[in-house]
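Peer 1: Once you've had a glance at the structure underneath, I'll fire off some questions.
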Amino acid sequence: MMDVQVQKIDALIGEMTLEEKIGQLQQCGPSLVGAFEVSFEELLDMMFDGRISQEEFGRLMSTAEKDFHEDNLRAGKIGSYNGVGDALTANRLQKIAVEESRLGIPLLFGYDVIHGFRTVTPIPLAESCAWDPELWQRTARMAAEEATAAGIHMTFAPMVDVAKDARWGRVSEGAGEDTLLNGDYGAAKVRGFQGEDLSQADAMAACLKHFAAYGAGEAGKDYNRVDMSEQRLWEEYLPAYKACIDAGARAVMPAFNDLNGVPCTVNEWLLRDVLRDEWGFDGITVSDANAIAECVNHGVVADRQAAAKEALRAGIDMDMTSNVYAENLAGLIEAGEIAEELLDQAVYRILKLKIELGLFENPYQTNEDKEKRTLVKREYRALAREVATKSMVLLKNESILPLNPQQKIAVFGALANDPGQMTGAWAIGAQENDCFSLAQAMDAQGIRYAYHPGIVDGSVATDEIEKAVASADVVILAIGEQKEESGEAASKADISLPAIQLELAEMLIQTGKPVVAVLFNGRPLAIPTVAEQVPAILEAWHPGIEAGNAILDILYGVVNPSAKLTTTFPFATGQCPLYYDHISTGRPGGKSKFTSKYLDTPLEPVYPFGYGLSYTTFSYSDLQVETTDDVVRLAVTVTNSGARAGEEIVQCYVQDKVAKRARPVKQLKAYKKVLLQPGESITMGFAVLFEKLGYYDRKMDYTLEVGAFTFFVGGNSRDTLSETTYLSFG
Ligand code: NOJ
């Protein structure tokens, strides 16, 4: 930061009253009023507690008006808004801040731009299956261009919570179960959102979340406790956040959960010692929604006043919508309970971000081009389609796909004909009429088909189905989850398909016609029956606005599928958390009784991490491992052994065979995507730095331990070539 900017901030802080300083820390959600007397958050609580029904909630919401607390804004008591997603409202509020408040400090608008804004792209879990940082960055850039045109300055993304438990609904919002992939995904998103220069009109700050280990909540239950060794935290969870900080993320959101008993929101060790002192982060921290107030529920503070004190002390700069700072900080400072200097530091960081974003020079969104606001741009649509095809994982194919245009098709399942479901969780900028369902895309592309939802009033519509199937060559079955079944507050105790969907699938299989299951879901599902009995399965996830076209691209072979799972698919919910990089036990699972396993499920998952098929096949040979200086160099020959061009995601794993702490049986260290023509072979090289092969020893020192290491290379985490070598790290 240039000296003159530092002086500007210091001068501003010098002029500010206590109230105005606290105002900068206040992030307001527009509360909905008019229809009810309680805040939006309370209303949500009432619905979640069952005090009002979902219908009643919807009715109240639809009659409510938005209160932006304009008097408070004028009085300098609001520094930021969450959830204002249109340029006209943003400009109106900004004008009050800039022209009518005493100091004219511009507002910062934050918003959940999670997987696209208006142009909704696949949910993050899906997009991660592309294993493609360049693509992840491009889609983030697109999202930033669109969101900034709507007046947004900061997105509450990326989420890089490593998630190993499929019961957790928010598995959908991150890059799956692996540490390296989450870090690469998050860093690419940060680069894409923030662009080259944060002060540009189309750049927005990235607020990475949820710091830390939110994905490890006990039993996959949202908001639940996280009790974890420091070693595991540093090795498996923290590196992904660190990768985003290193990529320059300007904001961090602490997680709702407690970490070993201390809520992240008041966790000074996490927010000061690790984040600021050790990692050198100098951006802002923003609490999660209402999280400061919820420290009272955690039972670590007696009341809201104590929560305010502990949160500021721990290092929370901005209070998202709990009002706890606004209500309590002045009193605490005046009573000498907390130093004003701490407040000044938070204000300093917030003003600095506003300067970096260029808000003092350009507070308004000047895009008055109506066309841009009302249409999804053609090139955005094209990218949404490209990324959706690159995210869909072909799980099974018994020579049924690709389809040929002559085949007669019957389509079943409501999800094939429900455009609004295609966006998945967290697509609040989405407009339903932007979305293409499978049926709509078939109509648009002139593909003739018979359609039936398959399930009517809770029963399988056997007669209609039989009629429709009779004249079809191939059956497409759309099954899975509604978008509300994943995302926040959407944990499940059972991740299998509903019985009625299985009944429909079984009925279709019994017709003897080849069935292609297209799965729509926001988490791994336990689908052992479908996996065994349905001959072709495409995991489409929640693919975004171009869902239908992208699915057709894959089903008809216009695009050869290349995506690979970033999350393990278990047989049964009871196996959760199930993930590839587990450590070995003293009794590794096996055939004999006294080994680590369940009696009632197979040992292995249905589909392992890294798995995904193509319309061609790839073979691996000749793995070589060499060490030079401080690098392990691997070379492997990959051959396209099938009949069509295709992309393969080549994965490289390692196992430290003997160490003073048990090490993962396999850990992803590198990956690369390669396009190969039929019959073409390539020698692919990977370099793994020695420093990536260490671990936190029994004293929590990061150690490179001399000994045998096995390197694995392959097209998924299960089927690999391997080579063991002795490393002395000399
Ligand atoms: C709560 C969620 O946990 C967080 O991810 C989100 O960004 C905020 N609400 C703001 O909407």
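Ligands are numbered from 1 in the order shown, chains are lettered A, B, ... in the order of the structure tokens, and residues start at 1 in each chain.
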Write out as a PyMOL selection string each polymer residue (protein, DNA or RNA) that has an atom no more than 9 Å from ligand 1, with only C-alpha atoms and all ligand atoms counted.

Peer 2: chain A and resi 29+82-83+110-114+155-157+159+173+207+209-210+223+253+255-256+287-291+320+488-489

Peer 1: Report the residues of region 578-652 of chain A whose backbone DSSP state falls under strand (DSSP E or B), written as a PyMOL selection string.

Peer 2: chain A and resi 583+607+613+618-628+631-640+646-652

Peer 1: Residues of region 192-441 of chain A classed as helix (DSSP H, G or I) by DSSP on the backbone are to be reported as number ranges by chain.

Peer 2: A: 192-194, 214-216, 218-220, 230-246, 264-266, 268-278, 291-298, 304-314, 324-334, 340-356, 370-374, 378-391, 414-417, 419-423, 432-434, 438-441

Peer 1: Would you save the residues from that selection as a short mmCIF file (atom, residue, chain, number, x, y, z; two decimals), in the first residue's frame, using C-alpha atoms?

Peer 2:
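Writing done, so here's out_22.cif:
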```cif
data_model
loop_
_atom_site.label_atom_id
_atom_site.label_comp_id
_atom_site.auth_asym_id
_atom_site.auth_seq_id
_atom_site.Cartn_x
_atom_site.Cartn_y
_atom_site.Cartn_z
CA GLY A 192 -10.38 -15.29 -11.39
CA PHE A 193 -12.57 -13.23 -9.07
CA GLN A 194 -9.92 -10.66 -8.26
CA TYR A 214 -16.00 -26.49 8.65
CA GLY A 215 -16.18 -29.58 6.44
CA ALA A 216 -15.14 -31.83 9.29
CA GLU A 218 -18.96 -34.39 13.53
CA ALA A 219 -21.21 -36.91 11.74
CA GLY A 220 -21.53 -34.64 8.73
CA GLU A 230 -3.48 -30.15 15.32
CA GLN A 231 -1.47 -32.42 13.09
CA ARG A 232 -4.49 -33.36 11.00
CA LEU A 233 -5.60 -29.75 10.86
CA TRP A 234 -2.24 -28.58 9.54
CA GLU A 235 -1.82 -31.40 7.07
CA GLU A 236 -5.29 -31.94 5.68
CA TYR A 237 -7.38 -28.84 6.29
CA LEU A 238 -5.32 -25.65 6.61
CA PRO A 239 -3.26 -25.95 3.40
CA ALA A 240 -6.27 -25.25 1.17
CA TYR A 241 -6.99 -21.96 2.97
CA LYS A 242 -3.31 -21.10 2.88
CA ALA A 243 -3.24 -21.64 -0.90
CA CYS A 244 -5.99 -19.03 -1.25
CA ILE A 245 -4.15 -16.56 0.98
CA ASP A 246 -1.02 -17.08 -1.10
CA CYS A 264 -13.79 -20.10 15.02
CA THR A 265 -15.48 -16.70 15.33
CA VAL A 266 -13.69 -16.02 18.62
CA GLU A 268 -7.72 -15.86 18.46
CA TRP A 269 -5.22 -18.59 17.69
CA LEU A 270 -6.79 -19.19 14.30
CA LEU A 271 -7.55 -15.60 13.36
CA ARG A 272 -4.45 -13.89 14.69
CA ASP A 273 -1.67 -16.38 15.34
CA VAL A 274 -2.15 -18.51 12.25
CA LEU A 275 -3.87 -16.23 9.77
CA ARG A 276 -2.17 -12.93 10.39
CA ASP A 277 1.08 -13.67 12.19
CA GLU A 278 2.11 -16.90 10.53
CA ALA A 291 -22.05 -15.95 13.95
CA ILE A 292 -20.84 -13.47 16.57
CA ALA A 293 -24.20 -13.59 18.32
CA GLU A 294 -24.22 -17.38 18.11
CA CYS A 295 -21.18 -17.57 20.36
CA VAL A 296 -23.72 -17.20 23.15
CA ASN A 297 -25.37 -20.43 21.97
CA HIS A 298 -21.98 -22.10 21.83
CA ARG A 304 -24.02 -10.54 23.22
CA GLN A 305 -21.81 -7.93 24.83
CA ALA A 306 -19.22 -10.52 25.76
CA ALA A 307 -19.51 -11.96 22.26
CA ALA A 308 -18.67 -8.55 20.77
CA LYS A 309 -15.65 -8.22 23.02
CA GLU A 310 -14.32 -11.70 22.28
CA ALA A 311 -14.88 -11.44 18.53
CA LEU A 312 -13.05 -8.13 18.18
CA ARG A 313 -10.28 -9.36 20.38
CA ALA A 314 -9.98 -12.55 18.34
CA VAL A 324 -23.60 -7.31 18.00
CA TYR A 325 -20.79 -4.84 17.29
CA ALA A 326 -23.18 -1.98 16.65
CA GLU A 327 -24.97 -2.62 19.92
CA ASN A 328 -21.98 -3.17 22.17
CA LEU A 329 -18.61 -1.91 21.01
CA ALA A 330 -19.05 1.74 21.98
CA GLY A 331 -20.03 0.81 25.54
CA LEU A 332 -17.18 -1.66 25.84
CA ILE A 333 -14.63 0.89 24.66
CA GLU A 334 -16.00 3.68 26.83
CA GLU A 340 -10.06 1.48 20.90
CA GLU A 341 -6.87 0.60 19.08
CA LEU A 342 -8.32 -2.83 18.23
CA LEU A 343 -11.32 -1.14 16.67
CA ASP A 344 -9.04 1.23 14.74
CA GLN A 345 -7.12 -1.72 13.34
CA ALA A 346 -10.31 -3.31 12.05
CA VAL A 347 -11.48 0.00 10.56
CA TYR A 348 -8.07 0.44 8.95
CA ARG A 349 -8.25 -2.91 7.20
CA ILE A 350 -11.78 -2.30 5.95
CA LEU A 351 -10.92 1.15 4.59
CA LYS A 352 -7.80 -0.27 3.00
CA LEU A 353 -9.88 -2.85 1.13
CA LYS A 354 -12.25 -0.12 -0.02
CA ILE A 355 -9.26 1.81 -1.36
CA GLU A 356 -7.84 -1.28 -3.05
CA LYS A 370 -29.85 -2.60 -20.04
CA GLU A 371 -29.06 -5.36 -22.49
CA LYS A 372 -26.20 -6.55 -20.30
CA ARG A 373 -28.45 -6.82 -17.32
CA THR A 374 -31.30 -8.63 -18.99
CA ARG A 378 -23.66 -15.58 -25.71
CA GLU A 379 -20.03 -16.23 -24.77
CA TYR A 380 -21.02 -16.77 -21.13
CA ARG A 381 -23.55 -19.37 -22.19
CA ALA A 382 -20.88 -21.10 -24.26
CA LEU A 383 -18.54 -21.22 -21.27
CA ALA A 384 -21.36 -22.47 -19.01
CA ARG A 385 -21.90 -25.33 -21.48
CA GLU A 386 -18.20 -26.09 -21.82
CA VAL A 387 -17.65 -26.25 -18.07
CA ALA A 388 -20.76 -28.37 -17.55
CA THR A 389 -19.55 -30.97 -20.05
CA LYS A 390 -16.14 -30.96 -18.40
CA SER A 391 -17.75 -31.54 -14.98
CA ALA A 414 -39.18 -35.02 -13.17
CA LEU A 415 -35.58 -33.81 -12.99
CA ALA A 416 -35.33 -34.15 -16.77
CA ASN A 417 -37.97 -31.50 -17.15
CA PRO A 419 -35.11 -26.15 -15.41
CA GLY A 420 -35.25 -24.49 -11.98
CA GLN A 421 -33.61 -27.52 -10.39
CA MET A 422 -30.55 -27.36 -12.62
CA THR A 423 -28.82 -24.53 -10.78
CA GLU A 432 -35.20 -19.82 -14.01
CA ASN A 433 -35.92 -18.85 -17.59
CA ASP A 434 -32.19 -18.77 -18.31
CA LEU A 438 -32.75 -31.91 -20.62
CA ALA A 439 -36.23 -31.96 -22.14
CA GLN A 440 -36.01 -28.33 -23.22
CA ALA A 441 -32.62 -28.90 -24.82
#
```

Peer 1: Here is a test: counting only C-alpha atoms, which residue of A:Ala490, A:Leu508, A:Ile316, A:Leu552 is nearest to Lys467 (chain A)?

Peer 2: A:Leu508

Peer 1: What does the structure give for the distance between CA of Ala188 (chain A) and CA of Pro133 (chain A), in Å to one decimal?

Peer 2: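 Interatomic distance, CA of Ala188 (chain A) to CA of Pro133 (chain A): 5.6 Å.
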
Peer 1: Between region 156-219 of chain A and region 136-151 of chain A, at 10 Å or less, what are the per-residue closest atom pairs and their distances in Å? Count only C-alpha atoms, order by chain and rising residue number, and return it as a Markdown table.

Peer 2:
```
| residue | atom | partner | partner_atom | distance |
| --- | --- | --- | --- | --- |
| A:Ala157 | CA | A:Ala140 | CA | 9.8 |
| A:Pro158 | CA | A:Ala140 | CA | 9.5 |
| A:Asp184 | CA | A:Trp136 | CA | 9.2 |
| A:Tyr185 | CA | A:Trp136 | CA | 6.6 |
| A:Gly186 | CA | A:Trp136 | CA | 8.7 |
| A:Ala187 | CA | A:Gln137 | CA | 8.4 |
| A:Ala188 | CA | A:Gln137 | CA | 4.7 |
| A:Lys189 | CA | A:Gln137 | CA | 5.1 |
| A:Val190 | CA | A:Gln137 | CA | 7.7 |
| A:Arg191 | CA | A:Gln137 | CA | 6.3 |
| A:Gly192 | CA | A:Arg141 | CA | 4.4 |
| A:Phe193 | CA | A:Ala140 | CA | 5.2 |
| A:Gln194 | CA | A:Ala144 | CA | 7.7 |
| A:Gly195 | CA | A:Arg141 | CA | 7.0 |
| A:Gln200 | CA | A:Thr148 | CA | 9.9 |
| A:Ala201 | CA | A:Thr148 | CA | 6.9 |
| A:Asp202 | CA | A:Glu145 | CA | 5.0 |
| A:Ala203 | CA | A:Ala144 | CA | 6.1 |
| A:Met204 | CA | A:Ala144 | CA | 6.1 |
| A:Ala205 | CA | A:Ala144 | CA | 9.2 |
| A:Ala206 | CA | A:Ala144 | CA | 9.8 |
```

Peer 1: Export, as an mmCIF file, in the first residue's frame, the selected residues with N, CA, C and O atoms.

Peer 2:
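Output saved as out.cif:
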```cif
data_model
loop_
_atom_site.group_PDB
_atom_site.id
_atom_site.type_symbol
_atom_site.label_atom_id
_atom_site.label_comp_id
_atom_site.auth_asym_id
_atom_site.auth_seq_id
_atom_site.Cartn_x
_atom_site.Cartn_y
_atom_site.Cartn_z
ATOM 1 N N ALA A 157 -16.765 -16.357 -1.445
ATOM 2 C CA ALA A 157 -16.249 -17.548 -2.115
ATOM 3 C C ALA A 157 -14.763 -17.313 -2.364
ATOM 4 O O ALA A 157 -14.333 -16.156 -2.389
ATOM 5 N N PRO A 158 -13.973 -18.323 -2.575
ATOM 6 C CA PRO A 158 -14.335 -19.730 -2.667
ATOM 7 C C PRO A 158 -14.463 -20.394 -1.299
ATOM 8 O O PRO A 158 -13.880 -19.937 -0.318
ATOM 9 N N ASP A 184 -5.895 -25.867 -4.970
ATOM 10 C CA ASP A 184 -5.741 -25.433 -6.373
ATOM 11 C C ASP A 184 -7.022 -24.779 -6.878
ATOM 12 O O ASP A 184 -6.993 -23.763 -7.576
ATOM 13 N N TYR A 185 -8.134 -25.394 -6.502
ATOM 14 C CA TYR A 185 -9.441 -24.859 -6.918
ATOM 15 C C TYR A 185 -9.627 -23.446 -6.331
ATOM 16 O O TYR A 185 -9.953 -22.495 -7.035
ATOM 17 N N GLY A 186 -9.369 -23.326 -5.032
ATOM 18 C CA GLY A 186 -9.575 -22.041 -4.354
ATOM 19 C C GLY A 186 -8.656 -20.963 -4.915
ATOM 20 O O GLY A 186 -9.087 -19.830 -5.162
ATOM 21 N N ALA A 187 -7.394 -21.311 -5.125
ATOM 22 C CA ALA A 187 -6.431 -20.315 -5.626
ATOM 23 C C ALA A 187 -6.850 -19.843 -7.026
ATOM 24 O O ALA A 187 -6.784 -18.648 -7.339
ATOM 25 N N ALA A 188 -7.305 -20.769 -7.857
ATOM 26 C CA ALA A 188 -7.739 -20.392 -9.215
ATOM 27 C C ALA A 188 -8.949 -19.462 -9.135
ATOM 28 O O ALA A 188 -9.066 -18.491 -9.890
ATOM 29 N N LYS A 189 -9.857 -19.761 -8.213
ATOM 30 C CA LYS A 189 -11.045 -18.919 -8.058
ATOM 31 C C LYS A 189 -10.644 -17.511 -7.605
ATOM 32 O O LYS A 189 -11.166 -16.517 -8.105
ATOM 33 N N VAL A 190 -9.725 -17.456 -6.647
ATOM 34 C CA VAL A 190 -9.273 -16.146 -6.157
ATOM 35 C C VAL A 190 -8.697 -15.337 -7.327
ATOM 36 O O VAL A 190 -9.044 -14.168 -7.532
ATOM 37 N N ARG A 191 -7.846 -15.967 -8.121
ATOM 38 C CA ARG A 191 -7.250 -15.251 -9.262
ATOM 39 C C ARG A 191 -8.339 -14.783 -10.225
ATOM 40 O O ARG A 191 -8.295 -13.673 -10.742
ATOM 41 N N GLY A 192 -9.310 -15.647 -10.453
ATOM 42 C CA GLY A 192 -10.381 -15.294 -11.393
ATOM 43 C C GLY A 192 -11.271 -14.171 -10.869
ATOM 44 O O GLY A 192 -11.567 -13.221 -11.585
ATOM 45 N N PHE A 193 -11.688 -14.270 -9.631
ATOM 46 C CA PHE A 193 -12.567 -13.234 -9.067
ATOM 47 C C PHE A 193 -11.843 -11.886 -9.010
ATOM 48 O O PHE A 193 -12.399 -10.857 -9.335
ATOM 49 N N GLN A 194 -10.611 -11.920 -8.543
ATOM 50 C CA GLN A 194 -9.923 -10.658 -8.255
ATOM 51 C C GLN A 194 -9.240 -10.063 -9.484
ATOM 52 O O GLN A 194 -8.924 -8.866 -9.497
ATOM 53 N N GLY A 195 -9.013 -10.865 -10.510
ATOM 54 C CA GLY A 195 -8.366 -10.354 -11.725
ATOM 55 C C GLY A 195 -6.963 -9.879 -11.439
ATOM 56 O O GLY A 195 -6.374 -10.165 -10.394
ATOM 57 N N GLN A 200 -9.897 -2.520 -10.765
ATOM 58 C CA GLN A 200 -10.638 -2.509 -12.022
ATOM 59 C C GLN A 200 -12.135 -2.719 -11.770
ATOM 60 O O GLN A 200 -12.507 -3.415 -10.816
ATOM 61 N N ALA A 201 -12.947 -2.160 -12.651
ATOM 62 C CA ALA A 201 -14.404 -2.214 -12.435
ATOM 63 C C ALA A 201 -14.935 -3.646 -12.419
ATOM 64 O O ALA A 201 -15.955 -3.929 -11.802
ATOM 65 N N ASP A 202 -14.249 -4.566 -13.103
ATOM 66 C CA ASP A 202 -14.785 -5.929 -13.162
ATOM 67 C C ASP A 202 -14.081 -6.898 -12.206
ATOM 68 O O ASP A 202 -14.160 -8.110 -12.366
ATOM 69 N N ALA A 203 -13.392 -6.358 -11.216
ATOM 70 C CA ALA A 203 -12.732 -7.234 -10.237
ATOM 71 C C ALA A 203 -13.501 -7.203 -8.922
ATOM 72 O O ALA A 203 -13.999 -6.165 -8.500
ATOM 73 N N MET A 204 -13.611 -8.353 -8.281
ATOM 74 C CA MET A 204 -14.232 -8.344 -6.946
ATOM 75 C C MET A 204 -13.347 -9.114 -5.964
ATOM 76 O O MET A 204 -12.649 -10.058 -6.346
ATOM 77 N N ALA A 205 -13.392 -8.670 -4.719
ATOM 78 C CA ALA A 205 -12.570 -9.321 -3.700
ATOM 79 C C ALA A 205 -13.118 -10.712 -3.417
ATOM 80 O O ALA A 205 -14.330 -10.930 -3.422
ATOM 81 N N ALA A 206 -12.220 -11.651 -3.170
ATOM 82 C CA ALA A 206 -12.630 -13.012 -2.806
ATOM 83 C C ALA A 206 -12.574 -13.141 -1.288
ATOM 84 O O ALA A 206 -11.570 -12.795 -0.668
#
```

Peer 1: One number please: CA of His69 (chain A) to CA of Ala11 (chain A), in Å, one decimal.

Peer 2: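 A separation of 27.3 Å between them.
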
Peer 1: List the neighbours of Ile527 (chain A) out to 8 Å using only C-alpha atoms; skip same-chain residues closer than 6 positions along the sequence, and give me the result as a PyMOL selection string.

Peer 2: chain A and resi 496-497+570-572+606

Peer 1: Keeping N, CA, C and O atoms, export the residues of the selection given above as a short mmCIF file (atom, residue, chain, number, x, y, z; two decimals), in the first residue's frame.

Peer 2:
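Here's the written file out_5.cif:
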```cif
data_model
loop_
_atom_site.label_atom_id
_atom_site.label_comp_id
_atom_site.auth_asym_id
_atom_site.auth_seq_id
_atom_site.Cartn_x
_atom_site.Cartn_y
_atom_site.Cartn_z
N SER A 496 -28.85 -42.39 0.43
CA SER A 496 -29.26 -43.25 -0.68
C SER A 496 -30.42 -42.59 -1.43
O SER A 496 -30.99 -41.59 -0.97
N LEU A 497 -30.77 -43.14 -2.57
CA LEU A 497 -31.88 -42.58 -3.34
C LEU A 497 -33.20 -42.94 -2.66
O LEU A 497 -33.32 -44.01 -2.06
N PRO A 570 -19.75 -43.93 -1.62
CA PRO A 570 -19.82 -45.12 -0.77
C PRO A 570 -20.95 -46.07 -1.17
O PRO A 570 -21.81 -45.71 -1.98
N PHE A 571 -20.93 -47.26 -0.62
CA PHE A 571 -22.04 -48.19 -0.80
C PHE A 571 -23.23 -47.77 0.06
O PHE A 571 -24.37 -47.90 -0.34
N ALA A 572 -22.91 -47.36 1.28
CA ALA A 572 -23.97 -47.09 2.24
C ALA A 572 -23.59 -45.88 3.08
O ALA A 572 -22.40 -45.59 3.28
N VAL A 606 -18.17 -47.72 -3.98
CA VAL A 606 -18.76 -48.05 -5.29
C VAL A 606 -17.90 -47.42 -6.40
O VAL A 606 -17.54 -48.08 -7.36
#
```

Peer 1: Go through A:Ser621, A:Ser128, A:Ser681, A:Thr616 one by one, measure the shortest atom-to-atom distance of each to Leu181 (chain A) using only C-alpha atoms, and give the residue with the smallest value.

Peer 2: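 Smallest separation from Leu181 (chain A) among the options: A:Ser128.
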
Peer 1: Name the residues in contact with Gln407 (chain A) at a cut-off of 9 Å, using only C-alpha atoms, excluding same-chain residues fewer than 4 positions from it; report them as a ChimeraX atom specification.

Peer 2: /A:403,472-474

Peer 1: Provide the CA of Ser80 (chain A) to CA of Ala64 (chain A) distance in Å, to one decimal place.

Peer 2: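 Interatomic distance, CA of Ser80 (chain A) to CA of Ala64 (chain A): 21.7 Å.
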
Peer 1: Which one is closest to Glu546 (chain A): A:Val4, A:Ala335, A:Cys435, A:Met46? Count only C-alpha atoms.

Peer 2: A:Cys435

Peer 1: Looking at A:Leu504, A:Met318, A:Leu125, A:Leu198, which one is nearest to Gly522 (chain A), with distances taken over only C-alpha atoms?

Peer 2: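 Closest to Gly522 (chain A) of all the choices is A:Leu125.
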
Peer 1: Counting only C-alpha atoms, what is within 12 Å of Val632 (chain A), bar same-chain residues fewer than 4 positions away, as a list in words?

Peer 2: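 The contact residues come out as Gln624, Val625, Glu626, Thr627, Thr628, Cys652, Val654, Lys669, Ala670, Gly685, Phe686, Ala687, Val688, Leu689, Phe690, Glu691, Lys692, Leu693, Phe709, Thr710, Phe711, Glu723, Thr724, Thr725, Tyr726, Leu727, Ser728 and Phe729 of chain A.
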
Peer 1: Next, the residues of the selection above should be written as a short mmCIF file (atom, residue, chain, number, x, y, z; two decimals), in the first residue's frame with N, CA, C and O atoms.

Peer 2:
```cif
data_model
loop_
_atom_site.label_atom_id
_atom_site.label_comp_id
_atom_site.auth_asym_id
_atom_site.auth_seq_id
_atom_site.Cartn_x
_atom_site.Cartn_y
_atom_site.Cartn_z
N GLN A 624 8.56 -44.61 -14.33
CA GLN A 624 9.96 -44.42 -13.90
C GLN A 624 9.99 -43.38 -12.78
O GLN A 624 9.33 -42.36 -12.87
N VAL A 625 10.80 -43.66 -11.78
CA VAL A 625 10.94 -42.71 -10.68
C VAL A 625 12.42 -42.40 -10.49
O VAL A 625 13.24 -43.31 -10.35
N GLU A 626 12.76 -41.12 -10.51
CA GLU A 626 14.16 -40.71 -10.31
C GLU A 626 14.20 -39.55 -9.35
O GLU A 626 13.25 -38.78 -9.28
N THR A 627 15.31 -39.41 -8.65
CA THR A 627 15.41 -38.20 -7.82
C THR A 627 16.61 -37.38 -8.28
O THR A 627 17.66 -37.92 -8.60
N THR A 628 16.40 -36.09 -8.37
CA THR A 628 17.51 -35.20 -8.68
C THR A 628 17.40 -34.02 -7.74
O THR A 628 16.31 -33.48 -7.55
N CYS A 652 -1.16 -38.52 -9.78
CA CYS A 652 0.05 -39.03 -9.17
C CYS A 652 -0.08 -38.97 -7.64
O CYS A 652 -0.38 -37.92 -7.07
N VAL A 654 1.25 -40.51 -3.59
CA VAL A 654 2.42 -41.01 -2.88
C VAL A 654 2.02 -41.62 -1.54
O VAL A 654 1.00 -41.25 -0.96
N LYS A 669 -0.51 -35.89 -5.16
CA LYS A 669 0.58 -34.91 -5.16
C LYS A 669 0.63 -34.10 -6.44
O LYS A 669 1.24 -33.02 -6.48
N ALA A 670 0.08 -34.63 -7.52
CA ALA A 670 0.12 -33.90 -8.80
C ALA A 670 -0.91 -34.51 -9.74
O ALA A 670 -1.33 -35.66 -9.55
N GLY A 685 5.49 -36.29 -17.54
CA GLY A 685 6.41 -36.11 -16.42
C GLY A 685 5.73 -35.39 -15.27
O GLY A 685 4.87 -34.53 -15.46
N PHE A 686 6.10 -35.77 -14.07
CA PHE A 686 5.62 -35.08 -12.86
C PHE A 686 6.82 -34.78 -11.97
O PHE A 686 7.72 -35.63 -11.87
N ALA A 687 6.81 -33.63 -11.36
CA ALA A 687 7.89 -33.32 -10.42
C ALA A 687 7.27 -33.12 -9.05
O ALA A 687 6.33 -32.34 -8.89
N VAL A 688 7.75 -33.87 -8.06
CA VAL A 688 7.24 -33.69 -6.70
C VAL A 688 8.40 -33.22 -5.82
O VAL A 688 9.39 -33.93 -5.66
N LEU A 689 8.28 -32.01 -5.32
CA LEU A 689 9.36 -31.46 -4.49
C LEU A 689 9.47 -32.24 -3.19
O LEU A 689 8.45 -32.62 -2.59
N PHE A 690 10.71 -32.45 -2.76
CA PHE A 690 10.92 -33.14 -1.47
C PHE A 690 10.07 -32.51 -0.37
O PHE A 690 9.48 -33.19 0.46
N GLU A 691 10.05 -31.16 -0.38
CA GLU A 691 9.37 -30.48 0.74
C GLU A 691 7.88 -30.84 0.82
O GLU A 691 7.24 -30.64 1.85
N LYS A 692 7.33 -31.40 -0.25
CA LYS A 692 5.91 -31.81 -0.22
C LYS A 692 5.74 -33.22 0.36
O LYS A 692 4.63 -33.73 0.43
N LEU A 693 6.83 -33.83 0.73
CA LEU A 693 6.75 -35.23 1.17
C LEU A 693 6.86 -35.37 2.69
O LEU A 693 6.99 -36.47 3.21
N PHE A 709 9.36 -44.64 -0.08
CA PHE A 709 8.14 -43.97 -0.53
C PHE A 709 7.62 -44.70 -1.77
O PHE A 709 8.41 -45.02 -2.65
N THR A 710 6.33 -44.93 -1.80
CA THR A 710 5.76 -45.53 -3.01
C THR A 710 5.05 -44.44 -3.80
O THR A 710 4.27 -43.66 -3.24
N PHE A 711 5.34 -44.39 -5.09
CA PHE A 711 4.67 -43.45 -5.99
C PHE A 711 3.71 -44.23 -6.87
O PHE A 711 4.05 -45.31 -7.37
N GLU A 723 5.67 -47.66 -7.89
CA GLU A 723 7.11 -47.84 -7.87
C GLU A 723 7.59 -47.34 -6.51
O GLU A 723 7.21 -46.25 -6.08
N THR A 724 8.38 -48.18 -5.82
CA THR A 724 8.85 -47.75 -4.49
C THR A 724 10.31 -47.35 -4.58
O THR A 724 11.11 -48.00 -5.25
N THR A 725 10.63 -46.27 -3.91
CA THR A 725 12.01 -45.79 -3.96
C THR A 725 12.43 -45.33 -2.57
O THR A 725 11.58 -44.95 -1.76
N TYR A 726 13.71 -45.38 -2.31
CA TYR A 726 14.23 -44.97 -1.01
C TYR A 726 14.70 -43.52 -1.11
O TYR A 726 15.52 -43.18 -1.96
N LEU A 727 14.16 -42.67 -0.26
CA LEU A 727 14.56 -41.26 -0.32
C LEU A 727 15.36 -40.89 0.91
O LEU A 727 14.92 -41.15 2.04
N SER A 728 16.54 -40.31 0.66
CA SER A 728 17.35 -39.93 1.83
C SER A 728 17.37 -38.42 2.01
O SER A 728 17.92 -37.90 2.97
N PHE A 729 16.74 -37.70 1.08
CA PHE A 729 16.63 -36.24 1.15
C PHE A 729 17.98 -35.57 1.32
O PHE A 729 18.10 -34.56 2.01
#
```

Peer 1: Find, counting only C-alpha atoms, the residue in A:Thr566, A:Ser101, A:Gln365, A:Thr720 that gets nearest to Pro608 (chain A).

Peer 2: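 Closest to Pro608 (chain A), using only C-alpha atoms: A:Thr566.
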